[in-house]
Structure formats: C-alpha cells, structure tokens
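Asks: The following block contains the structure, expressed as structure tokens.
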Amino acid sequence: MCNARSFGLPIATAFVVIACLALLFAPEEVAGWLAFDCQAILGGQVWRLWTGHFEHFSVQHALVDTIVLFLAGAVAERELGTPRVGLAFLVGAPAISLGLLILAPEMSYYRGASGLSMLAAVAGGIALWRSRPGLRLFLVACGSFLALKVLLEIFGLSLDMANLPKTVQVAWQVHFLGSALGWITGFYGQRQSCLELNTARHLLPG
Amino acid sequence: MKSIKLLFAILVILATSGCASWLPQGAVKQTGSVVDYLYPDSKSPPQMHETVTYLRPPVRVGIAFVPGGNWSTGLPEAEKLKLLGRVKESFAKYAYIGGIEVIPTQYLSPKGGFANLGQVARMFNVEVIALLSYDQVQFNDSNALSLLYWTIVGAYIIHGDQYDIHTMVDASVFDVRSQKLLFRAPGTSEVKGGASLSGFSEKSRVARMDGYNKAVDQLIPQLQTELESFKERIKTDASIKVQDKPGYSGGGGLGLLTLLMAMLFAWVAYVQRT
C-alpha cells in the first residue's frame, strides 16, 4: 500500500481551471476559434480538440464545471501525482474530443470541462479505492451516482439540472469517455506510482 | 275614449315587442374547426400512412388559431395574439422546446389544408404546430324585467337581457412533416351575465373575451399534462422517434448535485489524509 501524498497545489488541475476561467472573459470571437467545432476540426484546426474543453456556454456552466474539476483534480493529483494527472489531461482532452467525433458525429459544437472533471473524479476514486480500503463503501456510492447520471443522460434524462442553455444538449458521450479514461488513469497511474514508491524504498539505505 | 285606450294598448304592445326584437335572440356562434382547415371539402376519410415521426429536440413550435368562418365578427387579432402569447409563456420553460413562434391567423388561409400548414411551417421555421380550434356559442335571452324597457329609462338601467356563453378551445399539436397528430388538449368555460338593453352589446363582447380567457386558463394545464404523458408515450410508441438534430450543440453539463457530490468526495479524501 502506498503512503499518502500531501495536499499541495494541484498544478495541472489549476492550469486547466485558470484557462477555463480566463476564457470566460475572452471575446466571443476568441471562443469561436477555440471551441469544439466538428467541421473546423475536420478542416485541420486540431487545437480545438484540446481547447474545446476550456470553453463554456455561460458563467454558471463554467463555475460548476471548474469547481468540480478543481475538487476532483486535487484528489487525483494527491493520489497519483501532478505529472500523471497532467499527462492524463493532455492525452485525455483530445481523446475525448476524438471520441465525440465518432460517437456523436451530428454534434457540431461542444463546450465544457466536464469530460476532464469526470476523468479526474474517476481517476481519483480508483486511486483512493486502492490506497484507502476503508473508503470503499463511500466510493461505491459515488461511482453509482456517476454511473446513474451517465445512464440517465443516455436516455435523455437528467439526474441534476445541468447549467446549459435551452438549445444545448448534455453530451453524455463526453461524460462516458471521461469516466473511461479516468478509470485507465486511476488504475495504471496508481499501479505505476506504487511500483516507483516501493522501488525507491528498497533502494534507500536502512 | 274606448278607441283611444285601444290605440294606446296597441302602441305599448308594439313598442315592447320592438325592444325584444332589437337583440338577436337564440344562439350566436363563432367557430374555427381544425378539421375544416386541414381536411377541406373532404368526402372520404384521409388515408393512413404508416410513417415514423422523427422529433429532433430542441423542437421549434408554432402556435396559431385556425382560421374560421365567423371569426371576423369575433375576437380581434390583437386579442388572439395575447391569448397565444399566454400559451407560449407557459411552454417556454421546457428545454426540449427550442422556441415557440406565435403565428398570426392572417398567415393561414381558410381550408388551406396541410399544404398551407407546410408553407407556414417553412415560413416561420417550425417543425411542430399547435393549432387552436375554437367553438363559442352565445345564448341571448330576455327576462321578465325587459318589459320595463318601454319606459325608455328602463332600457338603460334595467338588466332585462341575459347572455350565456359556452366556449371550447382545443389545441391539436401536429408534426408538420409526417402530418401526424401528436397530442391534443381541450379547455372549456361558461360565462353567464346580464345587461341592460343599451349596454348589452359591450358587456356581452367583454364576456365573450372572458370566455376565451377562462377556456385558455383551463387549456394550459391540460396541455402541460398531455405533453408530459406524450413524453412517456414516446418511450413505447414505435411510430415516434427522438433523434438528435443535425448540427446540434452539446455541452458538458454538470449540475448542482454533482457539485455537492464532488465537495463531499474531496472532503472525505482530505479527512482521510489527516
């Protein structure tokens, strides 16, 4: 079992949160250049695969997404380390966007950091499952909530009121993909982390 | 002297009978039928086509009164738009309704059929149209007090005439492309009152308007109930399918419940560390 890391500043998560909040005050033209736009991505504007997650439809939408991301990301970074979570965000963001192109080809536009929030939450949850057996019942409840949320969204229902404009639909595909990538990150990230820690312990004198 | 009395009696009878004949007795009817509008001069029932209706939320909805025969003498267009505005407001909260367009009756031609409905839908860029048909019957009767109208002053102060107005407004919601009736809901009202001869016209006009307002008051909750049951029916009805609109926008929406869960998650993780 690994030792707990300290609750320092979650740098990787903070970077994503600051980017989201900064773009909230950016002019709409900037948002137009950064948001996930299916046709623009297929036309070669690949940066949108990353930046689409930083854009939001409203202040409320951005605030809820970024607070959840910060809280979940802080736990994930403490358990898995900043480099792993940072890498997960760096690889996960375009992976979610590409998945969205495949799973929802008719969705032209997308904005929101909830995919990364789900990634961080599930990664943190998986890591806690392995490092804190006493929390397993609580983690089962949290996981069930997230699973139910995504399941209901697939059927066009909502467990809680999403802060989206009327004309925007909840992209359940993003939540599903974020959760799947979070699972991989939590599982392999923790394993690697423990292996490294145990190796370091053996190498230390005494 | 006897002949003068007889002449006076005849004059009184003629005068009072004249008062009674000033008002239209019996029933006055205003009607606009959705069947007359959509299936004009139809002698045989329309053929059923087994088609699947595709709804692509957020659905753009149009709402209009069907054009009717006697309508020009009834509710003014401005009042109709006010009533439609009230229906529109009560449905603006639904996320799966992208927008509601109030369509003035002038855009619908009497007996226009689905061809006219399709034209209007294209003009206003709507996929579903709620057609409000109406039927209002006003019964006018005189009571015993109307006898006092012969005093002339009585015609201004005595409520010798009565009206009884029955109104029904029915909303039928059609998918324009498949021409299918999705659901419908009625609203009814009854307004009774009395007036003097001189004020009857104005009072009964206000009462007719009141009748429409009350019928719409009853229609709105019924329509909302029907909409909810239609949402449930979609899940089992194979002839209606909900699809994503091509080019729709998606958002990563997390709600307040997820936010609370995240707070609890972070707090538990923090407490466990300490």
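Naming works like this for the structure tokens: A, B, ... for the chains as they're shown, residue 1 at the start of each chain, ligands 1 onward in shown order.
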Where in region 44-197 of chain A does DSSP assign strand (DSSP E), given as a PyMOL selection string?
Replies: chain A and resi 107-111+168-170
Asks: Residues of region 112-179 of chain A in alpha helix (DSSP H) according to DSSP, as a tab-separated table (two decimals) with N, CA and C atoms, in the first residue's frame?
Replies:
```
chain	number	residue	atom	x	y	z
A	114	SER	N	-16.47	19.27	-18.38
A	114	SER	CA	-16.99	18.18	-17.56
A	114	SER	C	-16.36	16.84	-17.91
A	115	GLY	N	-15.89	16.69	-19.14
A	115	GLY	CA	-15.21	15.45	-19.52
A	115	GLY	C	-13.94	15.28	-18.70
A	116	LEU	N	-13.20	16.38	-18.55
A	116	LEU	CA	-11.97	16.33	-17.76
A	116	LEU	C	-12.30	16.18	-16.27
A	117	SER	N	-13.42	16.78	-15.85
A	117	SER	CA	-13.85	16.64	-14.44
A	117	SER	C	-14.15	15.19	-14.14
A	118	MET	N	-14.85	14.53	-15.06
A	118	MET	CA	-15.19	13.11	-14.87
A	118	MET	C	-13.91	12.28	-14.85
A	119	LEU	N	-12.98	12.62	-15.74
A	119	LEU	CA	-11.70	11.90	-15.79
A	119	LEU	C	-11.00	12.00	-14.43
A	120	ALA	N	-10.92	13.23	-13.91
A	120	ALA	CA	-10.23	13.44	-12.63
A	120	ALA	C	-10.95	12.74	-11.48
A	121	ALA	N	-12.28	12.83	-11.48
A	121	ALA	CA	-13.06	12.24	-10.38
A	121	ALA	C	-12.91	10.71	-10.36
A	122	VAL	N	-13.02	10.09	-11.54
A	122	VAL	CA	-12.92	8.62	-11.59
A	122	VAL	C	-11.48	8.18	-11.30
A	123	ALA	N	-10.51	8.92	-11.83
A	123	ALA	CA	-9.10	8.57	-11.56
A	123	ALA	C	-8.81	8.67	-10.06
A	124	GLY	N	-9.27	9.75	-9.46
A	124	GLY	CA	-9.07	9.92	-8.01
A	124	GLY	C	-9.79	8.85	-7.21
A	125	GLY	N	-10.98	8.51	-7.64
A	125	GLY	CA	-11.77	7.48	-6.96
A	125	GLY	C	-11.11	6.12	-7.02
A	126	ILE	N	-10.61	5.76	-8.21
A	126	ILE	CA	-9.93	4.46	-8.37
A	126	ILE	C	-8.66	4.40	-7.51
A	127	ALA	N	-7.94	5.53	-7.50
A	127	ALA	CA	-6.71	5.58	-6.70
A	127	ALA	C	-7.03	5.44	-5.21
A	128	LEU	N	-8.09	6.11	-4.77
A	128	LEU	CA	-8.49	6.00	-3.35
A	128	LEU	C	-8.95	4.58	-3.01
A	129	TRP	N	-9.61	3.94	-3.95
A	129	TRP	CA	-10.09	2.57	-3.75
A	129	TRP	C	-8.93	1.65	-3.35
A	130	ARG	N	-7.80	1.87	-4.01
A	130	ARG	CA	-6.65	1.00	-3.75
A	130	ARG	C	-5.87	1.43	-2.51
A	131	SER	N	-5.80	2.72	-2.28
A	131	SER	CA	-4.97	3.19	-1.16
A	131	SER	C	-5.75	3.29	0.16
A	136	ARG	N	-14.17	2.33	0.68
A	136	ARG	CA	-14.74	1.64	-0.48
A	136	ARG	C	-16.26	1.77	-0.59
A	137	LEU	N	-16.90	1.72	0.56
A	137	LEU	CA	-18.37	1.84	0.53
A	137	LEU	C	-18.78	3.22	0.02
A	138	PHE	N	-18.07	4.23	0.52
A	138	PHE	CA	-18.33	5.60	0.07
A	138	PHE	C	-18.05	5.74	-1.43
A	139	LEU	N	-16.95	5.13	-1.86
A	139	LEU	CA	-16.57	5.22	-3.28
A	139	LEU	C	-17.58	4.49	-4.18
A	140	VAL	N	-18.13	3.40	-3.67
A	140	VAL	CA	-19.18	2.68	-4.43
A	140	VAL	C	-20.39	3.60	-4.61
A	141	ALA	N	-20.73	4.34	-3.55
A	141	ALA	CA	-21.88	5.26	-3.63
A	141	ALA	C	-21.60	6.37	-4.66
A	142	CYS	N	-20.38	6.93	-4.60
A	142	CYS	CA	-20.02	7.99	-5.55
A	142	CYS	C	-20.03	7.45	-6.98
A	143	GLY	N	-19.45	6.27	-7.17
A	143	GLY	CA	-19.39	5.67	-8.50
A	143	GLY	C	-20.78	5.36	-9.04
A	144	SER	N	-21.64	4.88	-8.15
A	144	SER	CA	-23.03	4.57	-8.56
A	144	SER	C	-23.74	5.84	-9.00
A	145	PHE	N	-23.49	6.92	-8.28
A	145	PHE	CA	-24.10	8.20	-8.64
A	145	PHE	C	-23.66	8.62	-10.04
A	146	LEU	N	-22.36	8.54	-10.30
A	146	LEU	CA	-21.85	8.95	-11.61
A	146	LEU	C	-22.38	8.02	-12.72
A	147	ALA	N	-22.41	6.72	-12.42
A	147	ALA	CA	-22.90	5.76	-13.41
A	147	ALA	C	-24.38	6.02	-13.72
A	148	LEU	N	-25.15	6.29	-12.68
A	148	LEU	CA	-26.58	6.57	-12.87
A	148	LEU	C	-26.77	7.86	-13.66
A	149	LYS	N	-25.95	8.84	-13.35
A	149	LYS	CA	-26.02	10.14	-14.05
A	149	LYS	C	-25.81	9.94	-15.56
A	150	VAL	N	-24.75	9.21	-15.91
A	150	VAL	CA	-24.44	9.00	-17.34
A	150	VAL	C	-25.54	8.15	-17.99
A	151	LEU	N	-26.00	7.14	-17.26
A	151	LEU	CA	-27.04	6.26	-17.81
A	151	LEU	C	-28.32	7.03	-18.11
A	152	LEU	N	-28.70	7.88	-17.18
A	152	LEU	CA	-29.91	8.69	-17.40
A	152	LEU	C	-29.72	9.67	-18.55
A	153	GLU	N	-28.53	10.22	-18.66
A	153	GLU	CA	-28.24	11.16	-19.76
A	153	GLU	C	-28.34	10.47	-21.12
A	154	ILE	N	-27.95	9.20	-21.15
A	154	ILE	CA	-28.05	8.45	-22.41
A	154	ILE	C	-29.51	8.39	-22.86
A	172	TRP	N	-23.64	13.33	-23.17
A	172	TRP	CA	-23.34	12.21	-22.27
A	172	TRP	C	-22.10	11.46	-22.75
A	173	GLN	N	-21.83	11.54	-24.05
A	173	GLN	CA	-20.67	10.84	-24.61
A	173	GLN	C	-19.38	11.31	-23.94
A	174	VAL	N	-19.32	12.62	-23.66
A	174	VAL	CA	-18.14	13.20	-23.03
A	174	VAL	C	-17.96	12.65	-21.62
A	175	HIS	N	-19.07	12.54	-20.90
A	175	HIS	CA	-19.01	12.03	-19.52
A	175	HIS	C	-18.59	10.55	-19.52
A	176	PHE	N	-19.13	9.83	-20.49
A	176	PHE	CA	-18.79	8.40	-20.60
A	176	PHE	C	-17.30	8.23	-20.92
A	177	LEU	N	-16.83	8.99	-21.91
A	177	LEU	CA	-15.42	8.89	-22.32
A	177	LEU	C	-14.49	9.36	-21.20
A	178	GLY	N	-14.88	10.45	-20.53
A	178	GLY	CA	-14.08	10.96	-19.42
A	178	GLY	C	-13.96	9.93	-18.31
A	179	SER	N	-15.08	9.27	-18.00
A	179	SER	CA	-15.07	8.24	-16.95
A	179	SER	C	-14.17	7.07	-17.35
```
Asks: Against chain A, which residues of chain B fall within 12 Å? For each one I want the closest pair of atoms and the distance in Å (one decimal), counting only C-alpha atoms, rows by chain and increasing residue number, as JSON lines.
Replies:
```
{"residue": "B:Arg56", "atom": "CA", "partner": "A:Gln169", "partner_atom": "CA", "distance": 11.2}
{"residue": "B:Pro57", "atom": "CA", "partner": "A:Thr167", "partner_atom": "CA", "distance": 8.3}
{"residue": "B:Pro58", "atom": "CA", "partner": "A:Thr167", "partner_atom": "CA", "distance": 5.9}
{"residue": "B:Val59", "atom": "CA", "partner": "A:Thr167", "partner_atom": "CA", "distance": 9.2}
{"residue": "B:Arg60", "atom": "CA", "partner": "A:Thr167", "partner_atom": "CA", "distance": 10.3}
{"residue": "B:Ala92", "atom": "CA", "partner": "A:Lys166", "partner_atom": "CA", "distance": 9.5}
{"residue": "B:Lys93", "atom": "CA", "partner": "A:Lys166", "partner_atom": "CA", "distance": 8.5}
{"residue": "B:Tyr94", "atom": "CA", "partner": "A:Lys166", "partner_atom": "CA", "distance": 7.8}
{"residue": "B:Ala95", "atom": "CA", "partner": "A:Lys166", "partner_atom": "CA", "distance": 4.8}
{"residue": "B:Tyr96", "atom": "CA", "partner": "A:Lys166", "partner_atom": "CA", "distance": 7.3}
{"residue": "B:Ile97", "atom": "CA", "partner": "A:Lys166", "partner_atom": "CA", "distance": 7.9}
{"residue": "B:Gly98", "atom": "CA", "partner": "A:Thr167", "partner_atom": "CA", "distance": 5.8}
{"residue": "B:Gly99", "atom": "CA", "partner": "A:Thr167", "partner_atom": "CA", "distance": 8.9}
{"residue": "B:Lys231", "atom": "CA", "partner": "A:Gly156", "partner_atom": "CA", "distance": 10.9}
{"residue": "B:Glu232", "atom": "CA", "partner": "A:Leu157", "partner_atom": "CA", "distance": 11.7}
{"residue": "B:Ile234", "atom": "CA", "partner": "A:Phe155", "partner_atom": "CA", "distance": 11.8}
{"residue": "B:Lys235", "atom": "CA", "partner": "A:Phe155", "partner_atom": "CA", "distance": 9.6}
{"residue": "B:Val242", "atom": "CA", "partner": "A:Gly156", "partner_atom": "CA", "distance": 9.6}
{"residue": "B:Gln243", "atom": "CA", "partner": "A:Glu106", "partner_atom": "CA", "distance": 10.2}
{"residue": "B:Asp244", "atom": "CA", "partner": "A:Glu106", "partner_atom": "CA", "distance": 7.3}
{"residue": "B:Lys245", "atom": "CA", "partner": "A:Glu106", "partner_atom": "CA", "distance": 7.3}
{"residue": "B:Pro246", "atom": "CA", "partner": "A:Glu106", "partner_atom": "CA", "distance": 5.0}
{"residue": "B:Gly247", "atom": "CA", "partner": "A:Ser108", "partner_atom": "CA", "distance": 4.5}
{"residue": "B:Tyr248", "atom": "CA", "partner": "A:Met107", "partner_atom": "CA", "distance": 5.1}
{"residue": "B:Ser249", "atom": "CA", "partner": "A:Tyr109", "partner_atom": "CA", "distance": 4.7}
{"residue": "B:Gly250", "atom": "CA", "partner": "A:Tyr110", "partner_atom": "CA", "distance": 4.7}
{"residue": "B:Gly251", "atom": "CA", "partner": "A:Arg111", "partner_atom": "CA", "distance": 5.1}
{"residue": "B:Gly252", "atom": "CA", "partner": "A:Gly112", "partner_atom": "CA", "distance": 4.6}
{"residue": "B:Gly253", "atom": "CA", "partner": "A:Ala162", "partner_atom": "CA", "distance": 4.7}
{"residue": "B:Leu254", "atom": "CA", "partner": "A:Ala162", "partner_atom": "CA", "distance": 5.2}
{"residue": "B:Gly255", "atom": "CA", "partner": "A:Ala162", "partner_atom": "CA", "distance": 4.3}
{"residue": "B:Leu256", "atom": "CA", "partner": "A:Asp160", "partner_atom": "CA", "distance": 6.5}
{"residue": "B:Leu257", "atom": "CA", "partner": "A:Asp160", "partner_atom": "CA", "distance": 5.6}
{"residue": "B:Thr258", "atom": "CA", "partner": "A:Asp160", "partner_atom": "CA", "distance": 7.3}
{"residue": "B:Leu259", "atom": "CA", "partner": "A:Val68", "partner_atom": "CA", "distance": 5.6}
{"residue": "B:Leu260", "atom": "CA", "partner": "A:Val68", "partner_atom": "CA", "distance": 8.7}
{"residue": "B:Met261", "atom": "CA", "partner": "A:Cys142", "partner_atom": "CA", "distance": 7.2}
{"residue": "B:Ala262", "atom": "CA", "partner": "A:Val68", "partner_atom": "CA", "distance": 5.7}
{"residue": "B:Met263", "atom": "CA", "partner": "A:Leu71", "partner_atom": "CA", "distance": 6.6}
{"residue": "B:Leu264", "atom": "CA", "partner": "A:Cys142", "partner_atom": "CA", "distance": 9.4}
{"residue": "B:Phe265", "atom": "CA", "partner": "A:Ala72", "partner_atom": "CA", "distance": 7.6}
{"residue": "B:Ala266", "atom": "CA", "partner": "A:Leu71", "partner_atom": "CA", "distance": 5.7}
{"residue": "B:Trp267", "atom": "CA", "partner": "A:Leu71", "partner_atom": "CA", "distance": 8.8}
{"residue": "B:Val268", "atom": "CA", "partner": "A:Leu135", "partner_atom": "CA", "distance": 8.5}
{"residue": "B:Ala269", "atom": "CA", "partner": "A:Val75", "partner_atom": "CA", "distance": 6.8}
{"residue": "B:Tyr270", "atom": "CA", "partner": "A:Phe7", "partner_atom": "CA", "distance": 7.8}
{"residue": "B:Val271", "atom": "CA", "partner": "A:Phe7", "partner_atom": "CA", "distance": 11.0}
{"residue": "B:Gln272", "atom": "CA", "partner": "A:Arg132", "partner_atom": "CA", "distance": 8.1}
{"residue": "B:Arg273", "atom": "CA", "partner": "A:Ala4", "partner_atom": "CA", "distance": 6.7}
{"residue": "B:Thr274", "atom": "CA", "partner": "A:Ser6", "partner_atom": "CA", "distance": 9.6}
```
Asks: Extract, using only C-alpha atoms, all DNA, RNA and protein residues at most 9 Å from Phe124 (chain B), discarding same-chain residues fewer than 5 positions from it, and format them as number ranges by chain.
Replies: B: 62, 101, 103, 119
Asks: Have a look at CA of Leu42 (chain A) and CA of Lys241 (chain B) and let me know their distance in Å, one decimal.
Replies: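 The value is 29.1 Å.
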Asks: If you count only C-alpha atoms, which residues fall within 6 Å of Tyr37 (chain B), apart from same-chain ones fewer than 3 positions away, as an NGL selection string?
Replies: :B and (34 or 40 or 110-113)
Asks: If you keep C-alpha atoms, can you produce a file of those selected residues as a PDB file, in the first residue's frame?
Replies:
```pdb
ATOM      1  CA  VAL B  34     -59.219  22.176 -37.241  1.00  0.00           C
ATOM      2  CA  PRO B  40     -61.402  20.931 -46.510  1.00  0.00           C
ATOM      3  CA  PRO B 110     -59.214  29.120 -44.598  1.00  0.00           C
ATOM      4  CA  LYS B 111     -59.474  25.492 -45.713  1.00  0.00           C
ATOM      5  CA  GLY B 112     -55.769  25.632 -46.524  1.00  0.00           C
ATOM      6  CA  GLY B 113     -55.083  22.020 -45.539  1.00  0.00           C
TER       7      GLY B 113
END
```
Asks: Between CA of Val128 (chain B) and CA of Asp175 (chain B), what is the distance in Å, rounded to a tenth?
Replies: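 Separating CA of Val128 (chain B) from CA of Asp175 (chain B) is a distance of 4.6 Å.
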Asks: As a ChimeraX atom specification, please: the residues near Leu81 (chain B) (cut-off 7 Å, only C-alpha atoms, same-chain neighbours under 4 positions excluded).
Replies: /B:77,85,104
Asks: Give me the residues near Ile165 (chain B) as a list in words, where near means some atom within 6 Å (using only C-alpha atoms) and where sequence neighbours in that chain fewer than 3 positions away do not count.
Replies: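 Listed by chain and then number, they are Val137, Gln138, Glu190 and Val191 of chain B.
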Asks: Keeping only N, CA and C atoms, take the residues you just selected and write them out as a CSV table (one decimal), in the first residue's frame.
Replies:
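And here is the file that came out, part06.csv:
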```csv
chain,number,residue,atom,x,y,z
B,137,VAL,N,-70.4,29.6,-28.4
B,137,VAL,CA,-71.9,29.8,-28.6
B,137,VAL,C,-72.4,30.8,-27.5
B,138,GLN,N,-73.1,31.8,-28.0
B,138,GLN,CA,-73.7,32.8,-27.1
B,138,GLN,C,-75.2,32.7,-27.2
B,190,GLU,N,-67.7,28.6,-19.2
B,190,GLU,CA,-69.1,29.0,-19.3
B,190,GLU,C,-69.2,30.4,-18.6
B,191,VAL,N,-69.6,31.4,-19.3
B,191,VAL,CA,-69.8,32.7,-18.7
B,191,VAL,C,-71.2,33.1,-18.8
```
Asks: Out of A:Leu157, A:Ile11, A:Leu24, A:Leu80, which residue has the shortest atom-to-atom distance to Phe54 (chain A) when counting only C-alpha atoms?
Replies: A:Leu24
Asks: Just want the 12 Å neighbourhood of Phe230 (chain B), counted on only C-alpha atoms, with same-chain residues fewer than 6 positions away dropped. Output as a VMD selection string.
Replies: chain B and resid 173 181 to 185 223 to 224 236 to 237 240 to 241
